[in-house]
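Undergrad: Structure: work10.txt, compact mmCIF, C-alpha atoms and all ligand atoms.
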```
# COMPACT_ATOMS: atom_id res chain seq x y z
CA MET A 1 6.39 29.52 -30.42
CA ARG A 2 7.25 28.90 -26.80
CA ALA A 3 6.03 26.04 -24.60
CA PRO A 4 6.70 25.48 -20.91
CA ALA A 5 7.96 22.56 -18.87
CA LYS A 6 5.50 21.09 -16.42
CA ILE A 7 5.73 19.76 -12.93
CA ASN A 8 3.10 17.79 -11.01
CA VAL A 9 2.53 19.46 -7.65
CA TYR A 10 0.33 16.50 -6.82
CA LEU A 11 0.45 13.14 -8.62
CA GLY A 12 -1.88 10.36 -7.52
CA VAL A 13 -1.64 7.06 -9.45
CA GLY A 14 -4.24 4.26 -9.52
CA LYS A 15 -4.00 0.62 -10.58
CA VAL A 16 -2.85 -0.03 -14.14
CA ARG A 17 -5.72 -0.15 -16.70
CA ASP A 18 -6.27 -2.82 -19.34
CA ASP A 19 -4.73 -0.52 -21.99
CA GLY A 20 -1.45 -0.34 -20.00
CA PHE A 21 -1.96 3.23 -18.81
CA HIS A 22 -2.51 4.21 -15.19
CA PRO A 23 -5.49 6.31 -14.09
CA LEU A 24 -4.20 9.58 -12.65
CA GLU A 25 -5.38 12.45 -10.54
CA THR A 26 -2.77 15.14 -10.87
CA VAL A 27 -2.34 18.87 -10.41
CA TYR A 28 -0.09 20.15 -13.16
CA GLN A 29 1.76 23.43 -13.04
CA ALA A 30 3.54 25.04 -16.01
CA VAL A 31 6.88 26.57 -14.94
CA SER A 32 9.26 29.13 -16.43
CA LEU A 33 11.59 26.76 -18.26
CA TYR A 34 10.84 26.72 -21.98
CA ASP A 35 11.50 25.12 -25.33
CA ASP A 36 11.18 27.47 -28.32
CA VAL A 37 10.00 26.09 -31.63
CA THR A 38 10.07 27.76 -35.06
CA VAL A 39 8.55 26.27 -38.19
CA THR A 40 8.92 26.99 -41.90
CA SER A 41 7.20 25.33 -44.84
CA ALA A 42 9.38 22.75 -46.59
CA GLU A 43 9.24 19.92 -49.14
CA GLU A 44 10.20 17.30 -46.53
CA TRP A 45 9.75 16.97 -42.78
CA SER A 46 12.88 17.73 -40.77
CA VAL A 47 13.81 18.72 -37.23
CA THR A 48 16.96 20.30 -35.83
CA THR A 49 17.62 20.90 -32.16
CA MET A 50 19.87 23.38 -30.44
CA VAL A 51 20.45 22.86 -26.75
CA GLY A 52 20.38 25.55 -24.10
CA GLY A 53 22.82 24.08 -21.59
CA PRO A 54 24.71 21.07 -20.24
CA HIS A 55 21.55 19.74 -18.58
CA VAL A 56 20.13 18.95 -22.03
CA ASP A 57 21.43 15.69 -23.54
CA HIS A 58 21.61 16.42 -27.26
CA LEU A 59 22.37 12.78 -28.15
CA ALA A 60 19.11 11.57 -26.60
CA ILE A 61 16.97 13.69 -28.95
CA PRO A 62 15.96 11.95 -32.20
CA ASP A 63 16.48 13.94 -35.40
CA ASP A 64 14.22 11.75 -37.52
CA ALA A 65 10.47 11.13 -37.89
CA THR A 66 10.30 9.63 -34.38
CA ASN A 67 10.84 13.09 -32.91
CA ILE A 68 7.53 14.03 -31.32
CA ALA A 69 7.61 17.47 -32.99
CA ILE A 70 7.46 15.83 -36.45
CA ARG A 71 4.81 13.40 -35.21
CA ALA A 72 2.76 16.41 -34.05
CA GLY A 73 3.12 18.17 -37.41
CA LYS A 74 2.10 15.08 -39.35
CA ALA A 75 -0.89 14.50 -37.05
CA LEU A 76 -2.10 18.05 -37.66
CA ALA A 77 -1.71 17.71 -41.44
CA ALA A 78 -3.54 14.35 -41.38
CA HIS A 79 -6.37 15.84 -39.29
CA HIS A 80 -6.96 18.42 -42.04
CA GLY A 81 -6.31 15.97 -44.88
CA ILE A 82 -3.52 18.15 -46.30
CA ASP A 83 -0.23 17.01 -47.80
CA ARG A 84 2.28 19.50 -46.41
CA ALA A 85 5.58 19.34 -44.59
CA ALA A 86 7.69 21.69 -42.53
CA SER A 87 11.16 22.22 -41.22
CA ILE A 88 11.08 22.46 -37.41
CA GLU A 89 13.75 24.10 -35.28
CA VAL A 90 13.74 23.45 -31.53
CA ASN A 91 15.70 25.48 -29.03
CA LYS A 92 15.72 23.14 -26.08
CA ASN A 93 16.06 24.06 -22.40
CA ILE A 94 13.81 21.39 -20.89
CA PRO A 95 15.81 18.28 -19.91
CA VAL A 96 15.35 15.13 -22.03
CA ALA A 97 13.57 12.25 -20.26
CA GLY A 98 13.61 14.45 -17.17
CA GLY A 99 9.99 14.14 -16.06
CA MET A 100 9.23 17.73 -17.13
CA ALA A 101 7.39 16.85 -20.34
CA GLY A 102 9.91 18.43 -22.70
CA GLY A 103 8.87 16.35 -25.69
CA SER A 104 5.25 17.20 -24.93
CA ALA A 105 6.14 20.90 -24.90
CA ASP A 106 7.75 20.58 -28.35
CA ALA A 107 4.68 18.77 -29.67
CA ALA A 108 2.30 21.41 -28.29
CA ALA A 109 4.41 24.29 -29.66
CA THR A 110 4.61 22.61 -33.09
CA LEU A 111 0.83 22.13 -33.23
CA VAL A 112 0.15 25.80 -32.48
CA ALA A 113 2.98 27.07 -34.73
CA LEU A 114 1.87 25.02 -37.77
CA ASP A 115 -1.77 25.86 -37.18
CA ARG A 116 -0.79 29.52 -37.58
CA LEU A 117 1.70 29.04 -40.43
CA TRP A 118 -0.88 27.16 -42.48
CA ALA A 119 -3.81 29.36 -41.30
CA LEU A 120 -5.82 26.28 -40.36
CA GLU A 121 -7.76 27.78 -37.44
CA THR A 122 -8.12 24.37 -35.84
CA PRO A 123 -10.73 24.54 -33.04
CA ASP A 124 -9.23 24.21 -29.54
CA GLU A 125 -11.06 20.98 -28.86
CA ASP A 126 -9.57 19.40 -32.01
CA LEU A 127 -6.07 20.56 -31.03
CA LEU A 128 -6.57 19.04 -27.57
CA ALA A 129 -7.74 15.73 -29.10
CA ILE A 130 -4.71 15.58 -31.44
CA ALA A 131 -2.49 16.44 -28.47
CA ALA A 132 -3.95 13.60 -26.37
CA GLU A 133 -3.18 11.12 -29.16
CA LEU A 134 0.46 12.22 -29.13
CA GLY A 135 0.95 11.75 -25.37
CA SER A 136 -0.78 12.03 -22.02
CA ASP A 137 1.09 15.25 -21.06
CA VAL A 138 0.66 17.08 -24.39
CA PRO A 139 -2.82 18.61 -23.77
CA PHE A 140 -1.56 20.31 -20.61
CA ALA A 141 1.36 21.84 -22.52
CA LEU A 142 -1.24 23.61 -24.69
CA VAL A 143 -3.27 24.84 -21.72
CA GLY A 144 -0.56 25.78 -19.18
CA GLY A 145 -1.18 27.58 -15.90
CA THR A 146 -2.24 25.24 -13.11
CA ALA A 147 -4.75 22.53 -13.97
CA THR A 148 -5.98 19.14 -12.92
CA GLY A 149 -5.24 16.14 -15.11
CA THR A 150 -7.47 13.07 -14.99
CA GLY A 151 -7.99 9.97 -17.16
CA ARG A 152 -4.41 9.03 -18.09
CA GLY A 153 -3.51 12.71 -17.56
CA GLU A 154 -4.93 13.91 -20.90
CA ILE A 155 -8.20 15.36 -19.54
CA VAL A 156 -7.18 18.84 -18.44
CA THR A 157 -9.28 21.25 -16.38
CA PRO A 158 -7.81 24.69 -15.58
CA LEU A 159 -7.69 25.66 -11.90
CA GLU A 160 -7.75 29.03 -10.20
CA ASP A 161 -4.24 29.55 -8.86
CA ASN A 162 -3.57 32.96 -7.32
CA GLY A 163 -0.14 32.21 -5.91
CA SER A 164 3.33 32.51 -7.36
CA TRP A 165 5.36 29.41 -6.65
CA TRP A 166 9.16 29.27 -6.60
CA TRP A 167 11.11 26.11 -7.25
CA VAL A 168 14.69 25.03 -7.64
CA VAL A 169 14.88 22.47 -10.40
CA ILE A 170 17.72 20.00 -9.79
CA PHE A 171 18.69 18.36 -13.07
CA ASN A 172 20.15 14.88 -13.33
CA GLU A 173 22.85 13.79 -15.76
CA GLU A 174 21.02 10.67 -16.87
CA GLY A 175 17.40 10.51 -18.07
CA LEU A 176 14.85 8.06 -16.69
CA SER A 177 12.27 6.40 -18.92
CA THR A 178 8.64 7.05 -17.95
CA PRO A 179 7.41 3.45 -18.66
CA SER A 180 10.19 2.00 -16.48
CA VAL A 181 9.08 4.14 -13.53
CA TYR A 182 5.43 3.13 -13.98
CA GLY A 183 6.64 -0.51 -14.24
CA ALA A 184 8.53 -0.22 -10.94
CA TYR A 185 5.45 1.43 -9.42
CA ASP A 186 3.37 -1.65 -10.35
CA LEU A 187 5.94 -3.97 -8.78
CA LEU A 188 6.18 -2.03 -5.55
CA GLU A 189 2.52 -1.10 -5.15
CA GLU A 190 0.79 -2.75 -2.22
CA GLY A 191 -3.01 -2.85 -2.50
CA ASP A 192 -5.44 -0.01 -3.21
CA HIS A 193 -4.99 3.49 -1.93
CA ASP A 194 -6.95 6.68 -2.31
CA TYR A 195 -5.06 8.65 -4.96
CA ARG A 196 -7.62 11.41 -5.48
CA ILE A 197 -6.93 15.12 -5.18
CA ARG A 198 -8.31 16.40 -1.88
CA PRO A 199 -10.67 19.40 -2.08
CA GLU A 200 -8.56 21.26 0.53
CA MET A 201 -5.74 21.35 -1.98
CA LEU A 202 -7.85 23.23 -4.52
CA ASP A 203 -8.98 25.65 -1.78
CA ALA A 204 -5.36 26.31 -0.83
CA LEU A 205 -4.43 27.01 -4.47
CA ARG A 206 -7.03 29.80 -4.62
CA SER A 207 -5.32 31.69 -1.80
CA PRO A 208 -2.75 34.27 -2.96
CA GLN A 209 -0.06 32.80 -0.69
CA PRO A 210 0.99 29.28 -1.58
CA SER A 211 1.95 28.67 2.05
CA GLY A 212 0.08 25.70 3.46
CA LEU A 213 0.38 23.96 0.14
CA ASP A 214 3.64 22.34 1.13
CA VAL A 215 1.61 19.74 3.01
CA PHE A 216 -0.08 18.68 -0.25
CA LEU A 217 3.01 18.34 -2.40
CA TYR A 218 3.07 14.66 -3.18
CA ASN A 219 4.07 12.24 -5.94
CA ASP A 220 3.01 8.57 -5.94
CA LEU A 221 5.88 7.74 -8.35
CA GLU A 222 8.57 8.92 -5.96
CA THR A 223 9.11 5.56 -4.22
CA ALA A 224 9.46 3.82 -7.61
CA ALA A 225 11.91 6.43 -8.92
CA PHE A 226 13.98 6.28 -5.71
CA TYR A 227 14.01 2.48 -6.02
CA LEU A 228 15.41 2.71 -9.56
CA ARG A 229 17.75 5.59 -8.77
CA PRO A 230 18.81 5.68 -5.10
CA ASP A 231 20.89 8.82 -5.78
CA LEU A 232 17.63 10.79 -6.00
CA GLU A 233 16.86 10.28 -2.33
CA ARG A 234 20.27 11.74 -1.47
CA THR A 235 19.53 14.72 -3.73
CA ALA A 236 16.28 15.29 -1.82
CA GLU A 237 18.11 15.14 1.52
CA ALA A 238 20.73 17.61 0.28
CA ALA A 239 18.01 20.04 -0.89
CA LEU A 240 16.34 19.93 2.53
CA GLU A 241 19.69 20.56 4.21
CA CYS A 242 20.16 23.54 1.87
CA GLY A 243 16.89 25.12 3.03
CA ALA A 244 14.12 23.68 0.82
CA ILE A 245 10.69 23.69 2.50
CA MET A 246 9.94 20.40 0.79
CA THR A 247 11.25 18.31 -2.08
CA LEU A 248 9.33 16.51 -4.77
CA LEU A 249 10.12 14.25 -7.69
CA SER A 250 9.16 15.97 -10.94
CA GLY A 251 6.69 13.71 -12.80
CA SER A 252 8.46 10.38 -13.37
CA GLY A 253 11.88 11.92 -12.61
CA PRO A 254 14.79 11.98 -12.39
CA THR A 255 14.58 15.79 -12.04
CA MET A 256 14.02 16.78 -8.42
CA LEU A 257 12.26 19.92 -7.21
CA ALA A 258 12.94 21.98 -4.11
CA PHE A 259 10.02 24.14 -2.99
CA ALA A 260 11.07 27.58 -1.77
CA ASN A 261 9.33 30.48 0.01
CA ASP A 262 10.15 33.05 -2.65
CA ALA A 263 12.61 33.96 -5.40
CA GLU A 264 15.34 35.03 -3.00
CA ASP A 265 15.11 31.80 -0.99
CA ALA A 266 15.13 29.76 -4.19
CA ARG A 267 18.34 31.46 -5.36
CA LEU A 268 19.95 30.86 -1.98
CA ILE A 269 19.02 27.16 -2.03
CA ALA A 270 20.38 26.83 -5.58
CA SER A 271 23.64 28.49 -4.59
CA ARG A 272 24.03 26.25 -1.53
CA LEU A 273 23.30 23.20 -3.68
CA GLY A 274 26.02 24.38 -6.07
CA GLY A 275 28.46 24.32 -3.14
CA ARG A 276 27.46 20.71 -2.48
CA GLY A 277 28.23 19.66 -6.05
CA TYR A 278 24.70 20.03 -7.47
CA GLU A 279 25.66 22.59 -10.07
CA ARG A 280 23.00 21.84 -12.66
CA THR A 281 20.02 23.69 -11.25
CA ALA A 282 17.55 26.36 -12.38
CA VAL A 283 15.30 28.67 -10.39
CA VAL A 284 11.83 28.72 -11.91
CA HIS A 285 8.38 29.97 -11.01
CA GLY A 286 4.88 28.96 -11.86
CA PRO A 287 2.22 29.11 -13.01
CA VAL A 288 3.06 30.39 -16.51
CA ALA A 289 1.14 30.31 -19.83
CA GLY A 290 0.82 27.27 -22.11
CA ALA A 291 2.14 27.17 -25.71
CA HIS A 292 2.22 30.75 -26.97
CA VAL A 293 3.84 33.07 -29.50
CA VAL A 294 6.83 35.15 -28.39
CA ALA A 295 8.71 37.92 -30.16
CA TYR A 296 12.13 36.85 -31.35
CA GLN A 297 15.03 39.26 -31.25
C1 LIG B 1 4.63 10.93 -15.44
C2 LIG B 1 3.78 11.96 -16.15
O1 LIG B 1 4.62 12.93 -16.77
C3 LIG B 1 2.92 12.69 -15.13
O2 LIG B 1 2.26 13.81 -15.69
C4 LIG B 1 2.92 11.33 -17.22
O3 LIG B 1 2.06 10.35 -16.66
C5 LIG B 1 3.68 10.74 -18.41
O4 LIG B 1 3.08 11.21 -19.55
P1 LIG B 1 3.71 11.01 -21.02
O5 LIG B 1 5.20 11.00 -20.93
O6 LIG B 1 3.04 12.01 -21.91
O7 LIG B 1 3.26 9.53 -21.29
P2 LIG B 1 2.74 8.83 -22.64
O8 LIG B 1 3.67 9.20 -23.76
O9 LIG B 1 1.29 9.06 -22.79
O10 LIG B 1 2.97 7.30 -22.25
C6 LIG B 1 4.27 6.74 -22.14
C7 LIG B 1 4.18 5.51 -21.27
O11 LIG B 1 4.04 5.89 -19.87
C8 LIG B 1 3.19 5.03 -19.19
N1 LIG B 1 1.99 5.79 -18.70
C9 LIG B 1 1.77 7.08 -19.09
C10 LIG B 1 0.68 7.77 -18.58
C11 LIG B 1 -0.18 7.11 -17.69
N2 LIG B 1 -1.24 7.74 -17.17
N3 LIG B 1 0.05 5.85 -17.31
C12 LIG B 1 1.14 5.17 -17.80
O12 LIG B 1 1.34 4.01 -17.43
C13 LIG B 1 2.80 3.93 -20.19
O13 LIG B 1 3.75 2.91 -20.01
C14 LIG B 1 3.00 4.61 -21.53
O14 LIG B 1 3.29 3.71 -22.56
N1 LIG B 2 11.32 16.61 -29.20
C1 LIG B 2 11.79 15.71 -28.32
N2 LIG B 2 12.43 16.13 -27.21
C2 LIG B 2 12.90 15.24 -26.31
N3 LIG B 2 12.80 13.91 -26.44
C3 LIG B 2 12.16 13.44 -27.51
C4 LIG B 2 11.64 14.31 -28.48
N4 LIG B 2 11.03 13.56 -29.41
C5 LIG B 2 11.17 12.28 -29.03
N5 LIG B 2 11.86 12.19 -27.89
C6 LIG B 2 12.13 10.90 -27.16
O1 LIG B 2 11.21 10.82 -26.08
C7 LIG B 2 11.84 10.43 -24.86
C8 LIG B 2 11.15 11.14 -23.65
O2 LIG B 2 11.20 12.50 -23.90
P1 LIG B 2 10.81 13.67 -22.87
O3 LIG B 2 12.00 14.58 -22.77
O4 LIG B 2 9.54 14.28 -23.30
O5 LIG B 2 10.61 12.90 -21.50
P2 LIG B 2 9.95 13.39 -20.15
O6 LIG B 2 10.24 14.85 -19.94
O7 LIG B 2 10.41 12.44 -19.08
O8 LIG B 2 8.42 13.22 -20.44
P3 LIG B 2 7.19 13.16 -19.43
O9 LIG B 2 7.50 14.10 -18.30
O10 LIG B 2 6.06 13.64 -20.32
O11 LIG B 2 7.11 11.73 -19.02
C9 LIG B 2 13.31 10.80 -25.03
O12 LIG B 2 14.12 9.86 -24.39
C10 LIG B 2 13.52 10.82 -26.55
O13 LIG B 2 14.11 9.63 -27.02
```
Let's see the structure in the file written out as structure tokens.
Ligand SMILES: C[C@](O)(CO)[C@H](O)COP(=O)(O)OP(=O)(O)OC[C@H]1O[C@@H](n2ccc(N)nc2=O)[C@H](O)[C@@H]1O
Ligand SMILES: Nc1ncnc2c1ncn2[C@@H]1O[C@H](COP(=O)(O)OP(=O)(O)OP(=O)(O)O)[C@@H](O)[C@H]1O

TA:
Amino acid sequence: MRAPAKINVYLGVGKVRDDGFHPLETVYQAVSLYDDVTVTSAEEWSVTTMVGGPHVDHLAIPDDATNIAIRAGKALAAHHGIDRAASIEVNKNIPVAGGMAGGSADAAATLVALDRLWALETPDEDLLAIAAELGSDVPFALVGGTATGTGRGEIVTPLEDNGSWWWVVIFNEEGLSTPSVYGAYDLLEEGDHDYRIRPEMLDALRSPQPSGLDVFLYNDLETAAFYLRPDLERTAEAALECGAIMTLLSGSGPTMLAFANDAEDARLIASRLGGRGYERTAVVHGPVAGAHVVAYQ
């Protein structure tokens, strides 16, 4: 089972709620960077991870019951009142604590994989509810494509997106914790602002050319992430100097995104970034499908 990384092409954040979460209006996009998950029935729960490159920090991934893939499997079993376990294997390409929802992708892939393995035929709305319990980004990892996220990000509504978007993903050596970025956001926030998605943005998404959209690319968490990690602002400047149309923090960071005109431009930007010492990059496109089955060789 394969599940994609996500980016937030727009991320508007409101004032923190009583439950500690922030109300969001976001436009998610699933991009072509994937974790692959395989499951087999077992006596005990277990998870093993193989990493797909130096941008994935193996040591930061738990191999015990705190791994979100095991939490997802247990939540599915509990939902059906069944006492089963599985051995889960994750082939990881999405950076850890990178702001691309890698853990959420693993959880979504595990839910769908175990649903099939155990022939549970869980209704979609139940899978989405279990996903939302596991984390705010998990429902989107099931849905994929381009979609709005509201509530704390868990209420997902698919959007018509007729474009093909090209991005250079610029990985960072050190992860950044999502709660710490929201915490810095609360400290730095000055008064109310309108964080809603503007209708013009949804109109622009429907057009087959994503041009024009660069003016909407926005992330309310960027100032907070730059405050915590000043190196990110320099990464953004370097990407612009290398030809990016715009740059954007991915989710809560520290991964940065460079928006490119097309595949060729994206590859050129990545190669120029390599020459400037930013060697850990990937060229990706979106939108792509949510958690789905793939044929293994
Ligand atoms: C930054 C984003 O990736 C943007 O899509 C998400 O908001 C983060 O989603 P996530 O990692 O799935 O987050 P969760 O696992 O649900 O929550 C982790 C922590 O992030 C903070 N959090 C998360 C979502 C949200 N709307 N407001 C928050 O303040 C809270 O401190 C929470 O305890
Ligand atoms: N399967 C998993 N993969 C990666 N991290 C996991 C996993 N399970 C638990 N974790 C823990 O969760 C933390 C955050 O993981 P994740 O990689 O999903 O962050 P993220 O991409 O920044 O998430 P988001 O974009 O949803 O905020 C990690 O630091 C790690 O300790």

Undergrad: Rounded to one decimal in Å, what is the spacing between CA of Pro54 (chain A) and CA of Arg280 (chain A)?

TA: 7.8 Å

Undergrad: Would you list the residues near (10.8, 14.5, -11.2) (no more than 8 Å away, in the coordinates of the file, using all atoms listed in the file) as number ranges by chain?

TA: A: 7, 98-100, 222, 248-257

Undergrad: Can you work out the spacing between CA of Ala3 (chain A) and CA of Asp36 (chain A) in Å, to one decimal?

TA: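 These two atoms are separated by 6.5 Å.
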
Undergrad: Around ligand LIG 2 (chain B), which protein and nucleic acid residues have at least one atom no more than 6 Å from it, if we count all atoms listed in the file? List them as a list in words.

TA: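 What falls inside 6 Å of ligand LIG 2 (chain B) is Ala60, Ile61, Pro62, Asn67, Ile68, Ala69, Val96, Ala97, Gly98, Gly99, Met100, Ala101, Gly102, Gly103, Ser104, Asp106, Asp137, Thr178, Gly251 and Ser252 of chain A.
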
Undergrad: Quick one: residues within 7 Å of region 166-168 of chain A, all atoms listed in the file counted, chain neighbours fewer than 6 positions away excluded, as a ChimeraX atom specification?

TA: /A:257-263,266,270,281-286

Undergrad: What is the distance, in Å and to one decimal place, between CA of Asp192 (chain A) and CA of Ile245 (chain A)?

TA: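 Distance between the two atoms: 29.2 Å.
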
Undergrad: Write region 167-184 of chain A as a short mmCIF file (atom, residue, chain, number, x, y, z; two decimals), in the frame of the given file, completed to N, CA and C atoms.

TA:
```cif
data_model
loop_
_atom_site.label_atom_id
_atom_site.label_comp_id
_atom_site.auth_asym_id
_atom_site.auth_seq_id
_atom_site.Cartn_x
_atom_site.Cartn_y
_atom_site.Cartn_z
N TRP A 167 10.52 27.45 -7.31
CA TRP A 167 11.11 26.11 -7.25
C TRP A 167 12.56 26.15 -7.68
N VAL A 168 13.37 25.30 -7.07
CA VAL A 168 14.69 25.03 -7.64
C VAL A 168 14.59 23.69 -8.34
N VAL A 169 14.89 23.71 -9.61
CA VAL A 169 14.88 22.47 -10.40
C VAL A 169 16.29 21.89 -10.33
N ILE A 170 16.40 20.64 -9.90
CA ILE A 170 17.72 20.00 -9.79
C ILE A 170 17.80 18.93 -10.88
N PHE A 171 18.60 19.26 -11.92
CA PHE A 171 18.69 18.36 -13.07
C PHE A 171 19.55 17.14 -12.72
N ASN A 172 19.37 16.10 -13.53
CA ASN A 172 20.15 14.88 -13.33
C ASN A 172 20.88 14.58 -14.63
N GLU A 173 22.06 14.00 -14.54
CA GLU A 173 22.85 13.79 -15.76
C GLU A 173 22.25 12.75 -16.68
N GLU A 174 21.52 11.80 -16.08
CA GLU A 174 21.02 10.67 -16.87
C GLU A 174 19.50 10.65 -16.85
N GLY A 175 18.86 10.56 -18.01
CA GLY A 175 17.40 10.51 -18.07
C GLY A 175 16.83 9.23 -17.45
N LEU A 176 15.53 9.24 -17.25
CA LEU A 176 14.85 8.06 -16.69
C LEU A 176 13.59 7.85 -17.52
N SER A 177 13.40 6.60 -18.01
CA SER A 177 12.27 6.40 -18.92
C SER A 177 10.95 6.31 -18.13
N THR A 178 9.94 7.01 -18.62
CA THR A 178 8.64 7.05 -17.95
C THR A 178 8.04 5.64 -17.79
N PRO A 179 7.99 4.79 -18.85
CA PRO A 179 7.41 3.45 -18.66
C PRO A 179 8.14 2.63 -17.60
N SER A 180 9.47 2.80 -17.47
CA SER A 180 10.19 2.00 -16.48
C SER A 180 9.77 2.42 -15.07
N VAL A 181 9.49 3.68 -14.87
CA VAL A 181 9.08 4.14 -13.53
C VAL A 181 7.67 3.63 -13.22
N TYR A 182 6.77 3.70 -14.21
CA TYR A 182 5.43 3.13 -13.98
C TYR A 182 5.53 1.62 -13.74
N GLY A 183 6.45 0.94 -14.43
CA GLY A 183 6.64 -0.51 -14.24
C GLY A 183 7.09 -0.80 -12.81
N ALA A 184 8.05 -0.02 -12.31
CA ALA A 184 8.53 -0.22 -10.94
C ALA A 184 7.41 0.10 -9.95
#
```
